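Asks: Next up, model_30.txt (compact mmCIF, C-alpha atoms).
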# COMPACT_ATOMS: atom_id res chain seq x y z
CA MET E 320 -19.04 -0.48 19.99
CA ARG E 321 -16.85 -1.61 17.08
CA ILE E 322 -18.92 -2.20 13.93
CA VAL E 323 -17.85 -3.47 10.52
CA ILE E 324 -20.23 -2.13 7.88
CA ALA E 325 -20.12 -3.66 4.40
CA LEU E 326 -21.59 -1.41 1.72
CA GLY E 327 -22.93 -3.17 -1.34
CA GLY E 328 -21.61 -2.12 -4.74
CA ASN E 329 -25.20 -1.58 -5.84
CA ALA E 330 -25.85 0.57 -2.78
CA LEU E 331 -23.12 2.89 -4.08
CA LEU E 332 -24.16 2.74 -7.73
CA LYS E 333 -27.81 2.04 -8.43
CA ARG E 334 -28.77 -0.88 -10.65
CA GLY E 335 -29.18 0.24 -14.26
CA GLU E 336 -27.88 3.76 -13.54
CA PRO E 337 -25.28 5.21 -15.92
CA MET E 338 -21.87 4.50 -14.39
CA THR E 339 -20.54 8.05 -14.47
CA ALA E 340 -18.19 9.57 -11.91
CA GLU E 341 -20.92 12.08 -11.06
CA ASN E 342 -23.46 9.36 -10.29
CA GLN E 343 -20.89 7.42 -8.29
CA ARG E 344 -20.04 10.45 -6.17
CA ALA E 345 -23.71 11.38 -5.66
CA ASN E 346 -24.47 7.90 -4.36
CA VAL E 347 -21.38 7.89 -2.14
CA ARG E 348 -22.52 11.21 -0.70
CA ILE E 349 -25.94 9.75 0.13
CA ALA E 350 -24.29 6.70 1.69
CA CYS E 351 -22.05 8.90 3.82
CA GLN E 352 -25.03 10.94 5.01
CA ARG E 353 -26.43 7.67 6.39
CA LEU E 354 -23.10 6.57 7.85
CA ALA E 355 -22.05 9.85 9.48
CA PRO E 356 -24.29 9.62 12.58
CA VAL E 357 -23.13 6.05 13.22
CA THR E 358 -19.46 7.07 13.06
CA GLN E 359 -20.14 9.71 15.71
CA LYS E 360 -21.40 7.08 18.17
CA HIS E 361 -19.33 3.99 17.34
CA GLN E 362 -15.96 2.85 16.06
CA VAL E 363 -16.65 2.02 12.42
CA VAL E 364 -14.74 0.05 9.82
CA ILE E 365 -16.13 0.41 6.29
CA ALA E 366 -15.87 -2.27 3.62
CA HIS E 367 -17.54 -1.98 0.24
CA GLY E 368 -18.42 -3.85 -2.92
CA ASN E 369 -17.01 -3.07 -6.34
CA GLY E 370 -18.97 -5.26 -8.77
CA PRO E 371 -20.32 -2.44 -10.98
CA GLN E 372 -17.11 -0.43 -10.70
CA VAL E 373 -14.60 -3.18 -11.48
CA GLY E 374 -16.78 -4.30 -14.37
CA LEU E 375 -16.68 -0.78 -15.80
CA LEU E 376 -12.90 -0.62 -15.40
CA ALA E 377 -12.66 -3.94 -17.24
CA LEU E 378 -14.74 -2.60 -20.13
CA GLN E 379 -12.67 0.57 -20.35
CA ASN E 380 -9.56 -1.58 -20.15
CA ASP E 381 -10.69 -3.73 -23.08
CA ALA E 382 -11.30 -0.67 -25.24
CA TYR E 383 -7.56 0.06 -25.55
CA LYS E 384 -6.09 -2.58 -27.83
CA ASP E 385 -2.43 -1.50 -27.94
CA VAL E 386 -1.55 -3.29 -24.68
CA PRO E 387 -2.86 -6.47 -23.04
CA SER E 388 -5.80 -5.98 -20.66
CA TYR E 389 -4.94 -5.50 -17.01
CA PRO E 390 -6.01 -8.47 -14.82
CA LEU E 391 -8.92 -8.31 -12.40
CA ASP E 392 -6.70 -8.16 -9.29
CA VAL E 393 -5.12 -4.93 -10.58
CA LEU E 394 -8.53 -3.50 -11.48
CA GLY E 395 -9.71 -4.44 -7.99
CA ALA E 396 -6.87 -2.42 -6.51
CA GLU E 397 -7.84 0.53 -8.70
CA SER E 398 -11.45 0.33 -7.52
CA GLN E 399 -10.34 0.27 -3.87
CA GLY E 400 -8.54 3.55 -4.35
CA MET E 401 -11.35 5.17 -6.34
CA ILE E 402 -14.20 4.27 -4.00
CA GLY E 403 -12.13 4.80 -0.85
CA TYR E 404 -11.15 8.27 -2.04
CA MET E 405 -14.78 9.26 -2.54
CA ILE E 406 -15.89 7.84 0.81
CA GLU E 407 -13.05 9.58 2.65
CA GLN E 408 -13.82 12.91 1.03
CA GLU E 409 -17.60 12.84 1.36
CA LEU E 410 -17.68 11.42 4.90
CA GLY E 411 -14.89 13.78 5.93
CA ASN E 412 -17.09 16.72 4.90
CA MET E 413 -19.83 15.56 7.29
CA VAL E 414 -18.10 14.65 10.54
CA ASP E 415 -15.81 16.37 13.04
CA GLU E 416 -12.73 17.62 11.20
CA ASN E 417 -10.49 16.07 13.86
CA ILE E 418 -11.61 12.52 13.03
CA PRO E 419 -8.91 10.88 10.89
CA PHE E 420 -9.69 8.66 7.85
CA THR E 421 -7.67 6.33 5.72
CA THR E 422 -8.21 3.85 2.92
CA MET E 423 -6.14 0.69 3.31
CA LEU E 424 -5.19 -1.17 0.14
CA THR E 425 -6.11 -4.71 1.17
CA MET E 426 -4.88 -8.04 -0.21
CA ILE E 427 -6.72 -11.22 0.72
CA GLU E 428 -5.41 -14.74 0.29
CA VAL E 429 -7.44 -17.31 -1.62
CA ASP E 430 -6.78 -20.97 -2.42
CA ALA E 431 -5.47 -21.53 -5.95
CA ASP E 432 -7.43 -24.82 -6.00
CA ASP E 433 -10.72 -23.22 -4.96
CA PRO E 434 -13.57 -24.79 -7.02
CA ALA E 435 -14.86 -21.26 -7.74
CA PHE E 436 -12.27 -20.89 -10.50
CA LYS E 437 -14.14 -23.55 -12.46
CA ASN E 438 -17.62 -22.16 -11.71
CA PRO E 439 -17.82 -18.34 -12.01
CA THR E 440 -20.70 -16.86 -9.99
CA LYS E 441 -19.73 -13.29 -9.06
CA PHE E 442 -21.64 -10.62 -11.03
CA ILE E 443 -19.61 -7.66 -12.23
CA GLY E 444 -20.21 -4.78 -14.60
CA PRO E 445 -23.40 -3.39 -16.15
CA ILE E 446 -26.63 -5.22 -16.91
CA TYR E 447 -27.55 -6.40 -20.43
CA GLY E 448 -30.43 -7.92 -22.29
CA GLU E 449 -30.03 -11.65 -22.97
CA GLU E 450 -29.13 -11.29 -26.66
CA GLU E 451 -26.50 -8.60 -26.06
CA ALA E 452 -25.01 -10.47 -23.11
CA LYS E 453 -24.58 -13.68 -25.08
CA LYS E 454 -23.11 -11.76 -28.02
CA LEU E 455 -20.53 -10.11 -25.75
CA ALA E 456 -19.76 -13.46 -24.13
CA ALA E 457 -19.02 -14.96 -27.53
CA GLU E 458 -16.87 -12.01 -28.60
CA ARG E 459 -14.88 -11.58 -25.39
CA GLY E 460 -14.76 -15.05 -23.91
CA TRP E 461 -16.93 -14.05 -20.94
CA THR E 462 -19.21 -16.20 -18.86
CA VAL E 463 -22.63 -14.57 -18.46
CA LYS E 464 -25.58 -15.52 -16.28
CA GLN E 465 -29.04 -14.21 -15.58
CA ASP E 466 -29.30 -11.63 -12.78
CA GLY E 467 -32.99 -11.10 -12.12
CA ALA E 468 -34.64 -10.03 -15.35
CA LYS E 469 -31.31 -9.02 -16.91
CA TRP E 470 -27.94 -10.62 -17.67
CA ARG E 471 -24.43 -9.80 -16.45
CA ARG E 472 -20.89 -11.03 -16.68
CA VAL E 473 -19.77 -13.45 -13.96
CA VAL E 474 -16.23 -14.18 -12.76
CA PRO E 475 -14.72 -16.59 -10.19
CA SER E 476 -15.38 -15.74 -6.54
CA PRO E 477 -13.04 -17.82 -4.34
CA ILE E 478 -13.49 -18.03 -0.57
CA PRO E 479 -11.33 -15.52 1.39
CA GLN E 480 -8.80 -17.17 3.67
CA ARG E 481 -6.64 -14.47 5.24
CA ILE E 482 -6.32 -10.68 5.29
CA PHE E 483 -2.71 -9.63 4.88
CA GLU E 484 -3.13 -6.04 6.14
CA LEU E 485 -4.92 -7.01 9.36
CA ARG E 486 -2.17 -5.75 11.69
CA PRO E 487 -1.97 -2.20 10.28
CA VAL E 488 -5.78 -2.00 10.32
CA LYS E 489 -5.73 -2.84 14.04
CA TRP E 490 -3.01 -0.27 14.68
CA LEU E 491 -5.08 2.42 12.99
CA LEU E 492 -8.21 1.53 14.97
CA GLU E 493 -6.26 1.77 18.22
CA ARG E 494 -5.53 5.38 17.25
CA GLY E 495 -9.14 6.30 16.50
CA VAL E 496 -8.93 6.19 12.71
CA ILE E 497 -11.98 5.37 10.58
CA VAL E 498 -10.62 2.70 8.26
CA ILE E 499 -11.96 1.88 4.79
CA CYS E 500 -10.58 -1.51 3.83
CA ALA E 501 -11.24 -4.88 2.15
CA GLY E 502 -12.82 -2.92 -0.70
CA GLY E 503 -14.42 -5.10 -3.34
CA GLY E 504 -13.76 -8.14 -1.16
CA GLY E 505 -10.05 -7.39 -1.19
CA ILE E 506 -7.46 -7.98 -3.89
CA PRO E 507 -7.42 -11.76 -4.57
CA THR E 508 -3.93 -13.17 -4.09
CA VAL E 509 -2.31 -16.60 -3.84
CA LEU E 510 0.70 -17.40 -1.65
CA SER E 511 2.98 -20.07 -3.10
CA LYS E 512 4.89 -22.67 -1.09
CA ASP E 513 7.93 -20.42 -1.53
CA ASN E 514 6.02 -17.49 0.06
CA VAL E 515 5.69 -15.64 -3.24
CA LEU E 516 2.51 -13.56 -3.38
CA THR E 517 0.74 -13.09 -6.72
CA GLY E 518 -2.64 -11.77 -7.83
CA VAL E 519 -5.26 -13.97 -9.50
CA GLU E 520 -8.11 -13.36 -11.96
CA ALA E 521 -11.11 -13.22 -9.63
CA VAL E 522 -13.32 -10.96 -7.54
CA ILE E 523 -13.82 -12.04 -3.92
CA ASP E 524 -17.32 -11.61 -2.56
CA LYS E 525 -17.21 -8.53 -0.35
CA ASP E 526 -19.69 -9.97 2.18
CA ARG E 527 -17.62 -13.08 2.82
CA ALA E 528 -14.44 -10.99 3.04
CA SER E 529 -16.14 -8.51 5.37
CA ALA E 530 -17.23 -11.36 7.65
CA VAL E 531 -13.60 -12.47 7.94
CA LEU E 532 -12.60 -8.86 8.62
CA ALA E 533 -15.26 -8.42 11.31
CA ARG E 534 -14.29 -11.67 13.00
CA GLU E 535 -10.56 -10.96 12.98
CA LEU E 536 -11.08 -7.40 14.26
CA GLU E 537 -13.28 -8.76 17.08
CA ALA E 538 -16.11 -6.49 16.01
CA ASP E 539 -19.14 -6.25 18.28
CA MET E 540 -21.47 -6.19 15.28
CA PHE E 541 -21.31 -6.94 11.56
CA VAL E 542 -23.73 -5.15 9.23
CA ILE E 543 -24.31 -5.70 5.53
CA ALA E 544 -25.91 -2.53 4.16
CA SER E 545 -27.54 -3.19 0.81
CA ASP E 546 -30.37 -1.85 -1.33
CA VAL E 547 -33.01 -4.12 0.25
CA PRO E 548 -34.63 -3.78 3.71
CA GLY E 549 -33.57 -7.24 4.86
CA ILE E 550 -33.74 -10.95 4.12
CA TYR E 551 -36.92 -11.92 2.28
CA LEU E 552 -38.50 -15.31 2.01
CA ASP E 553 -40.12 -16.09 -1.35
CA TYR E 554 -38.56 -12.92 -2.76
CA GLY E 555 -40.29 -11.60 -5.86
CA LYS E 556 -43.43 -13.65 -5.27
CA PRO E 557 -46.81 -12.35 -4.08
CA GLU E 558 -46.28 -14.06 -0.73
CA GLN E 559 -42.82 -12.54 -0.11
CA ARG E 560 -42.18 -11.55 3.50
CA ILE E 561 -39.25 -10.11 5.37
CA LEU E 562 -37.52 -11.85 8.26
CA LYS E 563 -37.10 -9.61 11.30
CA ARG E 564 -34.94 -12.00 13.29
CA ALA E 565 -33.39 -15.38 12.64
CA THR E 566 -30.77 -17.78 13.92
CA PRO E 567 -28.18 -19.38 11.63
CA ASP E 568 -29.98 -22.72 11.99
CA GLU E 569 -33.24 -21.13 10.87
CA LEU E 570 -31.56 -19.55 7.86
CA ARG E 571 -30.23 -22.95 6.78
CA ALA E 572 -33.81 -24.11 6.28
CA TRP E 573 -34.20 -21.78 3.27
CA LYS E 574 -32.38 -21.38 -0.02
CA PHE E 575 -31.19 -17.99 -1.26
CA PRO E 576 -29.87 -16.99 -4.72
CA ALA E 577 -26.16 -17.78 -5.10
CA GLY E 578 -25.41 -14.55 -6.96
CA SER E 579 -27.08 -12.10 -4.59
CA MET E 580 -28.56 -12.83 -1.14
CA GLY E 581 -26.90 -16.24 -0.75
CA PRO E 582 -23.36 -14.97 0.02
CA LYS E 583 -24.78 -12.32 2.38
CA VAL E 584 -26.64 -14.95 4.39
CA GLU E 585 -23.58 -17.21 4.47
CA ALA E 586 -21.42 -14.31 5.63
CA VAL E 587 -23.62 -13.30 8.56
CA MET E 588 -24.09 -16.93 9.58
CA ASP E 589 -20.33 -17.43 9.60
CA PHE E 590 -19.74 -14.34 11.74
CA VAL E 591 -22.48 -15.12 14.27
CA GLU E 592 -21.56 -18.77 14.71
CA LYS E 593 -17.82 -18.12 15.10
CA THR E 594 -18.13 -15.13 17.42
CA GLY E 595 -21.50 -15.43 19.18
CA LYS E 596 -22.14 -11.77 18.34
CA ARG E 597 -24.83 -10.00 16.31
CA ALA E 598 -25.02 -9.48 12.58
CA ALA E 599 -27.64 -7.78 10.42
CA ILE E 600 -28.66 -7.30 6.80
CA GLY E 601 -30.70 -4.29 5.76
CA ALA E 602 -31.04 -1.15 3.68
CA LEU E 603 -28.33 1.48 3.86
CA GLU E 604 -30.96 4.17 4.44
CA ASP E 605 -31.92 2.37 7.69
CA ILE E 606 -28.37 1.96 8.99
CA GLU E 607 -28.91 3.83 12.29
CA ASP E 608 -31.98 1.76 13.11
CA ILE E 609 -30.22 -1.43 12.04
CA VAL E 610 -27.38 -0.79 14.48
CA GLU E 611 -29.97 -0.25 17.22
CA GLY E 612 -31.84 -3.43 16.27
CA LYS E 613 -34.94 -1.61 15.03
CA ALA E 614 -34.68 -2.40 11.29
CA GLY E 615 -33.31 -4.94 8.87
CA THR E 616 -32.94 -8.64 9.60
CA MET E 617 -31.10 -9.38 12.86
CA ILE E 618 -29.14 -12.63 13.05
CA GLU E 619 -28.24 -13.98 16.47
CA LEU E 620 -27.67 -17.36 18.09
Translate this file's structure into structure tokens.

Replies:
Amino acid sequence: MRIVIALGGNALLKRGEPMTAENQRANVRIACQRLAPVTQKHQVVIAHGNGPQVGLLALQNDAYKDVPSYPLDVLGAESQGMIGYMIEQELGNMVDENIPFTTMLTMIEVDADDPAFKNPTKFIGPIYGEEEAKKLAAERGWTVKQDGAKWRRVVPSPIPQRIFELRPVKWLLERGVIVICAGGGGIPTVLSKDNVLTGVEAVIDKDRASAVLARELEADMFVIASDVPGIYLDYGKPEQRILKRATPDELRAWKFPAGSMGPKVEAVMDFVEKTGKRAAIGALEDIEDIVEGKAGTMIEL
């Protein structure tokens, strides 16, 4: 079975945890321990988030004043290499040494006129208290919004349209390679009428990009592995309850937060409705059971 697994940025770097290389690698190692048994049974394509990581790169970038800051598309490319390197190394230490790995630098086309550029919603970087967040926003020209009890920077998150490296990804899969691609939702790029490709200041939602990837690769299953056991109704309230199974039509009856569960729900709905195949959302620690339909929230027609 071919499975596209999208790892959340917060599944790789815990919320509120110091963003050190050591913590990043420790979390990647834990993630790979969960993924390794699945890669032994199925053909796996791994995508991943980069919200915490690209936000950290942006902060480090701003600290050096002698040159202009690098744009978010370049930082996104850097995060793809960094996270892909760690996944390749840690997963490679846990599976058969004859299984090949590669990280594919992945550009994804977005529409230059996407309304998202006027309404930033994608959380990146560390969490702050309200006062500190608003102070930083004033100093650096950021947009900040509330993320649960804390505050974070938000940037535009345009809808992914096309994956430019789709053909080489398919070639690699045909040769039995475990491919890590579409990291951080892919590098956001715009193609002009003259076929000139340029990067743009944005971070594509990795769940939406992963849904496009899963659909175009004709995956048998699409899994979003996060830090929550599944889709909750009335999340954070005393009456909260987890959905075990749902159809896209049933999911449309509820509203989910735009900055967190909302894009995940939209992504799985899109995949299921366009392919007729299964999708799931659940905790990374339950990934084996999720693939077998025993955990998480299963979405089917």

Asks: Using all atoms listed in the file, what does the table of region 494-558 of chain E residues within 12 Å of region 375-393 of chain E look like, with each row giving the shortest atom pair and its distance in Å to one decimal, sorted by chain and ascending number, as a tab-separated table?

Replies:
residue	atom	partner	partner_atom	distance
E:Gly502	CA	E:Asp392	CA	11.8
E:Gly503	CA	E:Asp392	CA	10.2
E:Gly504	CA	E:Asp392	CA	10.8
E:Gly505	CA	E:Asp392	CA	8.8
E:Ile506	CA	E:Asp392	CA	5.5
E:Pro507	CA	E:Asp392	CA	6.0
E:Thr508	CA	E:Asp392	CA	7.7
E:Val509	CA	E:Asp392	CA	11.0
E:Thr517	CA	E:Asp392	CA	9.3
E:Gly518	CA	E:Asp392	CA	5.6
E:Val519	CA	E:Asp392	CA	6.0
E:Glu520	CA	E:Leu391	CA	5.1
E:Ala521	CA	E:Leu391	CA	6.0
E:Val522	CA	E:Leu391	CA	7.1
E:Ile523	CA	E:Asp392	CA	9.7

Asks: Calculate how many Å separate CA of Lys525 (chain E) from CA of Pro582 (chain E), rounding to one decimal.

Replies: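 Here the two named atoms are 8.9 Å from each other.
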
Asks: Let me make sure I understand: among E:Gln362, E:Gln480, E:Ser545, E:Thr462, which one has the smallest atom-to-atom distance to Ala599 (chain E) if we use only C-alpha atoms?

Replies: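 Nearest candidate to Ala599 (chain E) out of E:Gln362, E:Gln480, E:Ser545, E:Thr462: E:Ser545.
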
Asks: Nearest to Val515 (chain E) among E:Glu428, E:Glu592, E:Glu585, E:Glu450, with distances taken over all atoms listed in the file: which residue is it?

Replies: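 Closest residue, counting all atoms listed in the file: E:Glu428.
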
Asks: What separation in Å, quoted to one decimal, exists between CA of Ala396 (chain E) and CA of Leu332 (chain E)?

Replies: 18.1 Å

Asks: Considering only C-alpha atoms, state which residue in the set E:Arg494, E:Arg481, E:Arg471, E:Lys583 is at the smallest distance from Ala325 (chain E).

Replies: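 Of E:Arg494, E:Arg481, E:Arg471, E:Lys583, the one nearest Ala325 (chain E), counting only C-alpha atoms, is E:Lys583.
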